[in-house]
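Here's the structure we're looking at; comments come further down.
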Amino acid sequence: MKKNIFLFLFLSLFSNIILVAQNALFIPDTLSGTTFNLNVQKGSKVFYPGFNTTTYGYNGAFLGPTLIMRKGDSVTLNVTNNLPAEKTTVHWHGLHVAAKNDGTPYQAIGVGETWRPSFKVRNNAATFWYHPHIHPKTEFQVGKGLAGMIIVRDSIEATYNLPRRYNVDDFPLIVQCRIFDVYHQIGVATHDDTTLMVNGTIDPYLKVPKQVVRFRLLNGSADRSYNFGLSTNANFYVIASDGGLLSKPYSTKRMVLSPGERAELLIDFSKDTIGQKTYLMSYASELPRGVIGADSVGTSTLIIQDGYYQNHLNGRNFNLLRFDVGAATANPVTTIPTAFAPVTPISASLVNENRSITFYPDTVTSGKQGYVDGPFLLNNDHFEMSKINITTYLNNVEIWTFTNKTMVAHPFHIHDIQFFVLDINGNPPPPELSGLKDVILVKPNDVVRVITKFETFADKDVPYMYHCHLLHHEDDGMMGTFVVLDTTKATGIPNKINLKNNLTVFQNFSSNELTINLLAEKRASSKIYIIDALGRKQMDIWEGNLQQGENNFKANIDKLSSGIYFVIATGDQLQWKKIVK
Ligand code: C2O
Ligand code: CU
Ligand code: CU
């Protein structure tokens with residue numbers, strides 16, 4: 001490892017010299033309509049002149065086509081795994097789809113197989129993305145090149161005077177940082193990621209028209225956060241967060257995106273002179289400590305490993321993309337809209353469940369070093385394919401509280417839903433985080449509360465995921481599962497229910513009638529029956545789905561011979577009441 005660091009340093013100096021020549025920014029092709037064919041394939045690409053790098057891509061050597069979908073359309077994706085020897089999955093990050101269509105580790109696609117999810121596009125117009133989610137090789141496969149953008153369009157966004165001509169005045173920018181080894185091959189899971197690229201292009205430039213231009217930014221990096229800004233320090237406008245348009249454009253000079261997050265920006269080049277060159281930069285020197293990409297993670301005595309401090313990008317400002325201003329197009333957009341449809345967070349008064357997810361280091365495995373290097377745990381739990389961590393119910397409105405007890409910032413992501421940030425350490429979210437989100441960066445010691453609703457899809461057998469979007473944290477097990485149950489249907493049989501010492505039985509000795517009352521914390525299924533003193537079942541009373549709150553049942557015990565019995569109600573704790581006939 002030590003020897004490699006010198007070679008990397010040498011290589012990065014060398015590359016800075018040879019790559020002064022800029023490269024035209026690659027713009028992925030688009031696929032649109034209602035059927036999308038994706039081939040996951042192995043390829044090779046020249047990143048460093050004279051060297052072939054082995055890569056993976058969708059329908060090509062590296063990255064994948066931009067999928068353009070319309071809200072309301074029913075789409076089918078035919079995903080064929082043509083990788084020579086490994087399984088993959090494709091996850092539609094941010095899209096609200098059924099768990100079986102979500103492309104998680106539970107929908108692995110074997111070598112040579114085709115996976116065909118079909119779903120209705122339900123999200124608002126926004127920028128999403130797709131990437132592998134195979135456990136524990138997500139970082140490896142994304143690193144090799146598997147990632148692509150999804151643009152959802154809808155009829156509301158279409159009413160605003162916004163740039164939306166792909167590759168004319170609306171550009172995808174997939175920002176990534178990679179590690180190359182001495183053989184010019186892509187490596188994983190170290191902090192030696194010194195090669196920046198946008199859409200797979202190192203040192204890119206883009207000719208932009210002299211007008212208002214839209215950029216769809218995706219941080220597709222394994223762990224680096226960026227603090228976006230312009231080299232002129234001019235303001236730009238954030239118009240959309242992960243899940244869609246904000247209530248209004250937000251004018252700012254800086255915007256942080258952590259891995260997995262997206263934002264849409266407008267930059268007004270209309271007053272620039274033709275030929276002017278401006279850089280999109282990361283002002284990483286201003287990133288708060290603890291965020292990967294900042295100057296420091298940890299403390300003076302506890303230092304993050306694997307070359308973090310040797311990496312010349314950490315804590316330094318750097319260029320990502322050069323804009324070269326050219327002539328305006330026909331029918332340019334020249335103004336910034338003043339407002340969009342108001343985005344109103346779900347009201348906290350509707351909440352019927354609160355959950356806490358606390359990030360801890362696994363100090364059993366790694367001692368104190370775990371605070372900076374992991375592995376990290378969620379509620380002291382480690383991801384296991386066979387475990388369901390959370391059971392929730394269809395139409396539940398929930399507040400999830402994230403508490404970071406580690407020294408590293410973690411971008412937390414929940415599948416299935418979009419959420420609203422309620423507060424960060426008690427303060428309302430800043431404008432760029434006040435729209436729909438599916439990833440939120442939780443810095444060391446932060447407490448972040450989000451509110452969401454689990455709508456549309458229930459499946460008792462197929463879980464969704466929640467996890468840290470730093471890919472090696474995720475691969476190391478900083479991930480959990482949840483199932484959504486519909487208690488009004490057969491899909492709603494939970495594994496366990498929550499009952500709290502709340503079974504009461506009233507016995508009418510003259511009529512032999514039992515009145516049974518069961519107070520349930522949640523909608524959930526239960527069985528109620530009677531056993532005798534030897535534990536043998538004597539009578540079934542009821543089986544079904546409890547309503548939240550009071551549930552009343554009647555039973556007649558005429559048939560039982562005299563003796564001692566117990567009325568049993570099943571739940572996560574068995575409840576019983578003794579009766580005597
Ligand atoms: Cu973008 Cu579960 O991930
Ligand atoms: Cu996701
Ligand atoms: Cu993490």
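Chains: A, B, ... in order of the structure tokens. Residues: from 1 per chain. Ligands: from 1, in order shown.
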Quick one: residues within 7 Å of ligand 2, with only C-alpha atoms and all ligand atoms, as a PDB file with N, CA, C and O atoms, in the first residue's frame?
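Below you can see out-v4.pdb, which holds the result:
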ATOM      1  N   HIS A  91     -30.881  -0.745  -9.857  1.00  0.00           N
ATOM      2  CA  HIS A  91     -31.796  -0.026  -8.963  1.00  0.00           C
ATOM      3  C   HIS A  91     -32.136   1.335  -9.577  1.00  0.00           C
ATOM      4  O   HIS A  91     -31.253   2.024 -10.074  1.00  0.00           O
ATOM      5  N   TRP A  92     -33.414   1.685  -9.543  1.00  0.00           N
ATOM      6  CA  TRP A  92     -33.902   2.960 -10.097  1.00  0.00           C
ATOM      7  C   TRP A  92     -33.960   3.944  -8.933  1.00  0.00           C
ATOM      8  O   TRP A  92     -34.997   4.107  -8.306  1.00  0.00           O
ATOM      9  N   HIS A  93     -32.835   4.549  -8.645  1.00  0.00           N
ATOM     10  CA  HIS A  93     -32.684   5.348  -7.433  1.00  0.00           C
ATOM     11  C   HIS A  93     -33.624   6.553  -7.439  1.00  0.00           C
ATOM     12  O   HIS A  93     -33.525   7.411  -8.297  1.00  0.00           O
ATOM     13  N   GLY A  94     -34.517   6.562  -6.446  1.00  0.00           N
ATOM     14  CA  GLY A  94     -35.446   7.684  -6.286  1.00  0.00           C
ATOM     15  C   GLY A  94     -36.832   7.395  -6.823  1.00  0.00           C
ATOM     16  O   GLY A  94     -37.786   8.077  -6.463  1.00  0.00           O
ATOM     17  N   HIS A 413     -29.943   7.286   2.651  1.00  0.00           N
ATOM     18  CA  HIS A 413     -30.895   7.117   1.541  1.00  0.00           C
ATOM     19  C   HIS A 413     -31.971   6.117   1.930  1.00  0.00           C
ATOM     20  O   HIS A 413     -31.668   5.094   2.532  1.00  0.00           O
ATOM     21  N   ILE A 414     -33.217   6.422   1.587  1.00  0.00           N
ATOM     22  CA  ILE A 414     -34.329   5.484   1.786  1.00  0.00           C
ATOM     23  C   ILE A 414     -34.940   5.196   0.420  1.00  0.00           C
ATOM     24  O   ILE A 414     -35.210   6.116  -0.345  1.00  0.00           O
ATOM     25  N   HIS A 415     -35.144   3.921   0.130  1.00  0.00           N
ATOM     26  CA  HIS A 415     -35.804   3.520  -1.115  1.00  0.00           C
ATOM     27  C   HIS A 415     -37.315   3.747  -1.015  1.00  0.00           C
ATOM     28  O   HIS A 415     -37.837   4.006   0.063  1.00  0.00           O
TER      29      HIS A 415
END
Expected selection as a PDB file with N, CA, C and O atoms, in the first residue's frame for ligand 3 within 6 Å, only C-alpha atoms and all ligand atoms:
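Produced file selection_3.pdb, reproduced below:
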ATOM      1  N   HIS A 410     -22.510  10.825   6.826  1.00  0.00           N
ATOM      2  CA  HIS A 410     -23.082   9.747   6.025  1.00  0.00           C
ATOM      3  C   HIS A 410     -24.301  10.244   5.245  1.00  0.00           C
ATOM      4  O   HIS A 410     -25.256  10.734   5.853  1.00  0.00           O
ATOM      5  N   CYS A 468     -26.545   3.957   4.012  1.00  0.00           N
ATOM      6  CA  CYS A 468     -25.599   5.036   3.735  1.00  0.00           C
ATOM      7  C   CYS A 468     -25.214   4.919   2.268  1.00  0.00           C
ATOM      8  O   CYS A 468     -24.947   3.819   1.780  1.00  0.00           O
ATOM      9  N   LEU A 470     -22.501   6.136   0.916  1.00  0.00           N
ATOM     10  CA  LEU A 470     -21.062   5.968   0.686  1.00  0.00           C
ATOM     11  C   LEU A 470     -20.913   4.485   0.375  1.00  0.00           C
ATOM     12  O   LEU A 470     -21.222   3.632   1.214  1.00  0.00           O
ATOM     13  N   HIS A 473     -19.294   2.017   2.681  1.00  0.00           N
ATOM     14  CA  HIS A 473     -20.029   1.837   3.936  1.00  0.00           C
ATOM     15  C   HIS A 473     -21.217   0.900   3.718  1.00  0.00           C
ATOM     16  O   HIS A 473     -21.485   0.011   4.526  1.00  0.00           O
TER      17      HIS A 473
END
Counting only C-alpha atoms and all ligand atoms, what residues are within 10 Å of ligand 1, given as an MDAnalysis selection string?
-> chainID A and resid 90:94 102:105 128:134 138 147 220 259:261 412:416 438:439 464:471 474 479:480
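Between A:Ala533 and the candidates A:Lys577, A:Pro431, A:Val46, A:Ala569, the tightest atom-to-atom separation, counting only C-alpha atoms, involves A:Lys577.
DSSP on the backbone gives helix (DSSP H, G or I) for these parts of stretch 81-137 of chain A: Ala99, Lys100, Asn101, Pro105, Tyr106 and Gln107 of chain A.
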Quick one: contact table of stretch 122-143 of chain A to stretch 221-228 of chain A, 12 Å max, nearest atom pair and distance in Å to one decimal per residue, counting only C-alpha atoms, chain and number order, as JSON lines?
{"residue": "A:His131", "atom": "CA", "partner": "A:Ser221", "partner_atom": "CA", "distance": 11.5}
{"residue": "A:Lys137", "atom": "CA", "partner": "A:Ala222", "partner_atom": "CA", "distance": 11.8}
{"residue": "A:Thr138", "atom": "CA", "partner": "A:Ala222", "partner_atom": "CA", "distance": 9.2}
{"residue": "A:Glu139", "atom": "CA", "partner": "A:Ala222", "partner_atom": "CA", "distance": 6.4}
{"residue": "A:Phe140", "atom": "CA", "partner": "A:Ala222", "partner_atom": "CA", "distance": 9.3}
{"residue": "A:Gln141", "atom": "CA", "partner": "A:Ala222", "partner_atom": "CA", "distance": 10.5}
{"residue": "A:Val142", "atom": "CA", "partner": "A:Ala222", "partner_atom": "CA", "distance": 7.8}
{"residue": "A:Gly143", "atom": "CA", "partner": "A:Ala222", "partner_atom": "CA", "distance": 7.3}
Okay, now the selection with all heavy atoms, as an mmCIF file, in the first residue's frame?
data_model
loop_
_atom_site.group_PDB
_atom_site.id
_atom_site.type_symbol
_atom_site.label_atom_id
_atom_site.label_comp_id
_atom_site.auth_asym_id
_atom_site.auth_seq_id
_atom_site.Cartn_x
_atom_site.Cartn_y
_atom_site.Cartn_z
ATOM 1 N N HIS A 131 -28.278 2.413 -11.007
ATOM 2 C CA HIS A 131 -26.954 1.876 -10.683
ATOM 3 C C HIS A 131 -27.117 0.481 -10.089
ATOM 4 O O HIS A 131 -28.201 0.114 -9.641
ATOM 5 C CB HIS A 131 -26.202 2.811 -9.730
ATOM 6 C CG HIS A 131 -26.847 2.990 -8.373
ATOM 7 N ND1 HIS A 131 -26.780 2.038 -7.386
ATOM 8 C CD2 HIS A 131 -27.581 4.004 -7.855
ATOM 9 C CE1 HIS A 131 -27.426 2.465 -6.307
ATOM 10 N NE2 HIS A 131 -27.941 3.655 -6.567
ATOM 11 N N LYS A 137 -21.021 -5.759 -3.617
ATOM 12 C CA LYS A 137 -20.124 -5.302 -4.687
ATOM 13 C C LYS A 137 -20.639 -4.064 -5.402
ATOM 14 O O LYS A 137 -20.292 -3.809 -6.547
ATOM 15 C CB LYS A 137 -19.922 -6.445 -5.701
ATOM 16 C CG LYS A 137 -19.035 -7.564 -5.170
ATOM 17 C CD LYS A 137 -18.785 -8.619 -6.224
ATOM 18 C CE LYS A 137 -17.834 -8.146 -7.297
ATOM 19 N NZ LYS A 137 -17.624 -9.146 -8.342
ATOM 20 N N THR A 138 -21.473 -3.294 -4.713
ATOM 21 C CA THR A 138 -21.997 -2.089 -5.354
ATOM 22 C C THR A 138 -20.867 -1.126 -5.718
ATOM 23 O O THR A 138 -20.806 -0.621 -6.834
ATOM 24 C CB THR A 138 -23.033 -1.421 -4.424
ATOM 25 O OG1 THR A 138 -24.121 -2.338 -4.268
ATOM 26 C CG2 THR A 138 -23.566 -0.130 -5.018
ATOM 27 N N GLU A 139 -19.957 -0.904 -4.780
ATOM 28 C CA GLU A 139 -18.877 0.046 -5.072
ATOM 29 C C GLU A 139 -18.033 -0.419 -6.259
ATOM 30 O O GLU A 139 -17.690 0.372 -7.134
ATOM 31 C CB GLU A 139 -17.976 0.223 -3.841
ATOM 32 C CG GLU A 139 -16.889 1.246 -4.112
ATOM 33 C CD GLU A 139 -15.924 1.437 -2.961
ATOM 34 O OE1 GLU A 139 -15.847 0.565 -2.082
ATOM 35 O OE2 GLU A 139 -15.236 2.468 -2.972
ATOM 36 N N PHE A 140 -17.738 -1.702 -6.286
ATOM 37 C CA PHE A 140 -16.924 -2.243 -7.370
ATOM 38 C C PHE A 140 -17.598 -2.008 -8.723
ATOM 39 O O PHE A 140 -16.993 -1.521 -9.675
ATOM 40 C CB PHE A 140 -16.697 -3.742 -7.123
ATOM 41 C CG PHE A 140 -15.990 -4.449 -8.249
ATOM 42 C CD1 PHE A 140 -14.610 -4.391 -8.347
ATOM 43 C CD2 PHE A 140 -16.712 -5.154 -9.203
ATOM 44 C CE1 PHE A 140 -13.956 -5.030 -9.393
ATOM 45 C CE2 PHE A 140 -16.064 -5.801 -10.247
ATOM 46 C CZ PHE A 140 -14.682 -5.740 -10.343
ATOM 47 N N GLN A 141 -18.903 -2.332 -8.800
ATOM 48 C CA GLN A 141 -19.586 -2.245 -10.101
ATOM 49 C C GLN A 141 -19.860 -0.797 -10.521
ATOM 50 O O GLN A 141 -19.745 -0.462 -11.697
ATOM 51 C CB GLN A 141 -20.880 -3.068 -10.076
ATOM 52 C CG GLN A 141 -20.598 -4.575 -9.961
ATOM 53 C CD GLN A 141 -21.827 -5.441 -10.214
ATOM 54 O OE1 GLN A 141 -22.946 -4.945 -10.349
ATOM 55 N NE2 GLN A 141 -21.607 -6.746 -10.277
ATOM 56 N N VAL A 142 -20.220 0.049 -9.556
ATOM 57 C CA VAL A 142 -20.414 1.467 -9.908
ATOM 58 C C VAL A 142 -19.071 2.056 -10.334
ATOM 59 O O VAL A 142 -18.977 2.785 -11.322
ATOM 60 C CB VAL A 142 -21.012 2.262 -8.720
ATOM 61 C CG1 VAL A 142 -21.059 3.760 -9.029
ATOM 62 C CG2 VAL A 142 -22.418 1.760 -8.387
ATOM 63 N N GLY A 143 -18.028 1.691 -9.601
ATOM 64 C CA GLY A 143 -16.693 2.189 -9.923
ATOM 65 C C GLY A 143 -16.266 1.831 -11.333
ATOM 66 O O GLY A 143 -15.688 2.637 -12.060
#
Distance query A:Pro28 at most 7 Å, only C-alpha atoms, self and fewer than 2 positions along chain excluded, as a short mmCIF file (atom, residue, chain, number, x, y, z; two decimals) with N, CA and C atoms, in the first residue's frame:
data_model
loop_
_atom_site.label_atom_id
_atom_site.label_comp_id
_atom_site.auth_asym_id
_atom_site.auth_seq_id
_atom_site.Cartn_x
_atom_site.Cartn_y
_atom_site.Cartn_z
N PHE A 26 -18.35 14.30 -22.60
CA PHE A 26 -19.19 13.26 -23.19
C PHE A 26 -20.62 13.45 -22.70
N THR A 30 -29.64 9.20 -25.32
CA THR A 30 -30.88 9.04 -24.56
C THR A 30 -31.67 7.84 -25.08
N GLY A 64 -24.12 4.81 -18.82
CA GLY A 64 -25.25 4.26 -19.58
C GLY A 64 -26.05 5.38 -20.18
N PRO A 65 -26.98 5.05 -21.05
CA PRO A 65 -27.80 6.08 -21.68
C PRO A 65 -28.68 6.78 -20.65
N THR A 66 -29.05 8.00 -20.92
CA THR A 66 -29.99 8.72 -20.08
C THR A 66 -31.40 8.24 -20.45
#
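Near stretch 114-122 of chain A, within a cut-off of 6 Å and counting only C-alpha atoms, sit the residues A:Lys71, A:Gly72, A:Asp73, A:Ser74, A:Val75, A:Thr76, A:Leu77, A:Asn78, A:Val79, A:Thr80, A:Asn101, with same-chain residues fewer than 4 positions away left out.
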Can you list, as a PyMOL selection string, every protein, DNA or RNA residue that comes within 7 Å of A:Gly544 when you count only C-alpha atoms, leaving out same-chain residues fewer than 6 positions away?
-> chain A and resi 525-527
Can you work out which one of A:Val97, A:Met407, A:Leu63, A:Leu218 has the shortest atom-to-atom distance to A:Ser296, counting only C-alpha atoms?
-> A:Met407
Hey, what's within 6 Å of A:Val408 if we count only C-alpha atoms and toss same-chain stuff fewer than 3 positions away? As a PyMOL selection string, please?
-> chain A and resi 290+372+444
Taking only residues of stretch 418-503 of chain A that have an atom at most 10 Å from an atom of stretch 333-344 of chain A, what is each one's shortest atom pair and its distance in Å to one decimal, using only C-alpha atoms, in chain and number order, as a Markdown table?
| residue | atom | partner | partner_atom | distance |
| --- | --- | --- | --- | --- |
| A:Phe420 | CA | A:Thr344 | CA | 8.9 |
| A:Ser434 | CA | A:Val343 | CA | 8.3 |
| A:Gly435 | CA | A:Val343 | CA | 6.4 |
| A:Leu436 | CA | A:Val343 | CA | 8.1 |
Leaving out A:Phe171 and any residue of its chain fewer than 5 positions from it, which residues lie within 12 Å of it when counting only C-alpha atoms, given as JSON, numbers by chain?
-> {"A": [25, 26, 27, 28, 29, 30, 66, 127, 149, 151, 163, 164, 165, 166, 198, 199, 206, 207, 208, 209, 212, 213, 214, 215, 216, 217, 218, 264, 265, 266, 267, 323]}
What residues in stretch 233-471 of chain A get the DSSP label strand (DSSP E)? Please answer as a VMD selection string.
-> chain A and resid 236 to 241 244 to 252 255 to 257 262 to 268 277 to 283 317 to 326 353 to 361 376 to 378 390 to 393 397 to 404 410 to 414 420 to 424 439 to 442 447 to 453 459 to 468
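For the set A:Glu432, A:Asp154, A:Asp295, A:Asp169, the residue with the smallest atom-to-atom gap to A:Ala327 is A:Asp169, counting only C-alpha atoms.
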Quick one: distance from atom CA of A:Lys554 to atom CA of A:Ile579 in Å, one decimal?
-> 14.3 Å
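Each of A:Asn124, A:Thr53, A:Asn37, A:Asn517 was checked against A:Lys437 using only C-alpha atoms; the smallest atom-to-atom distance is that of A:Asn124.
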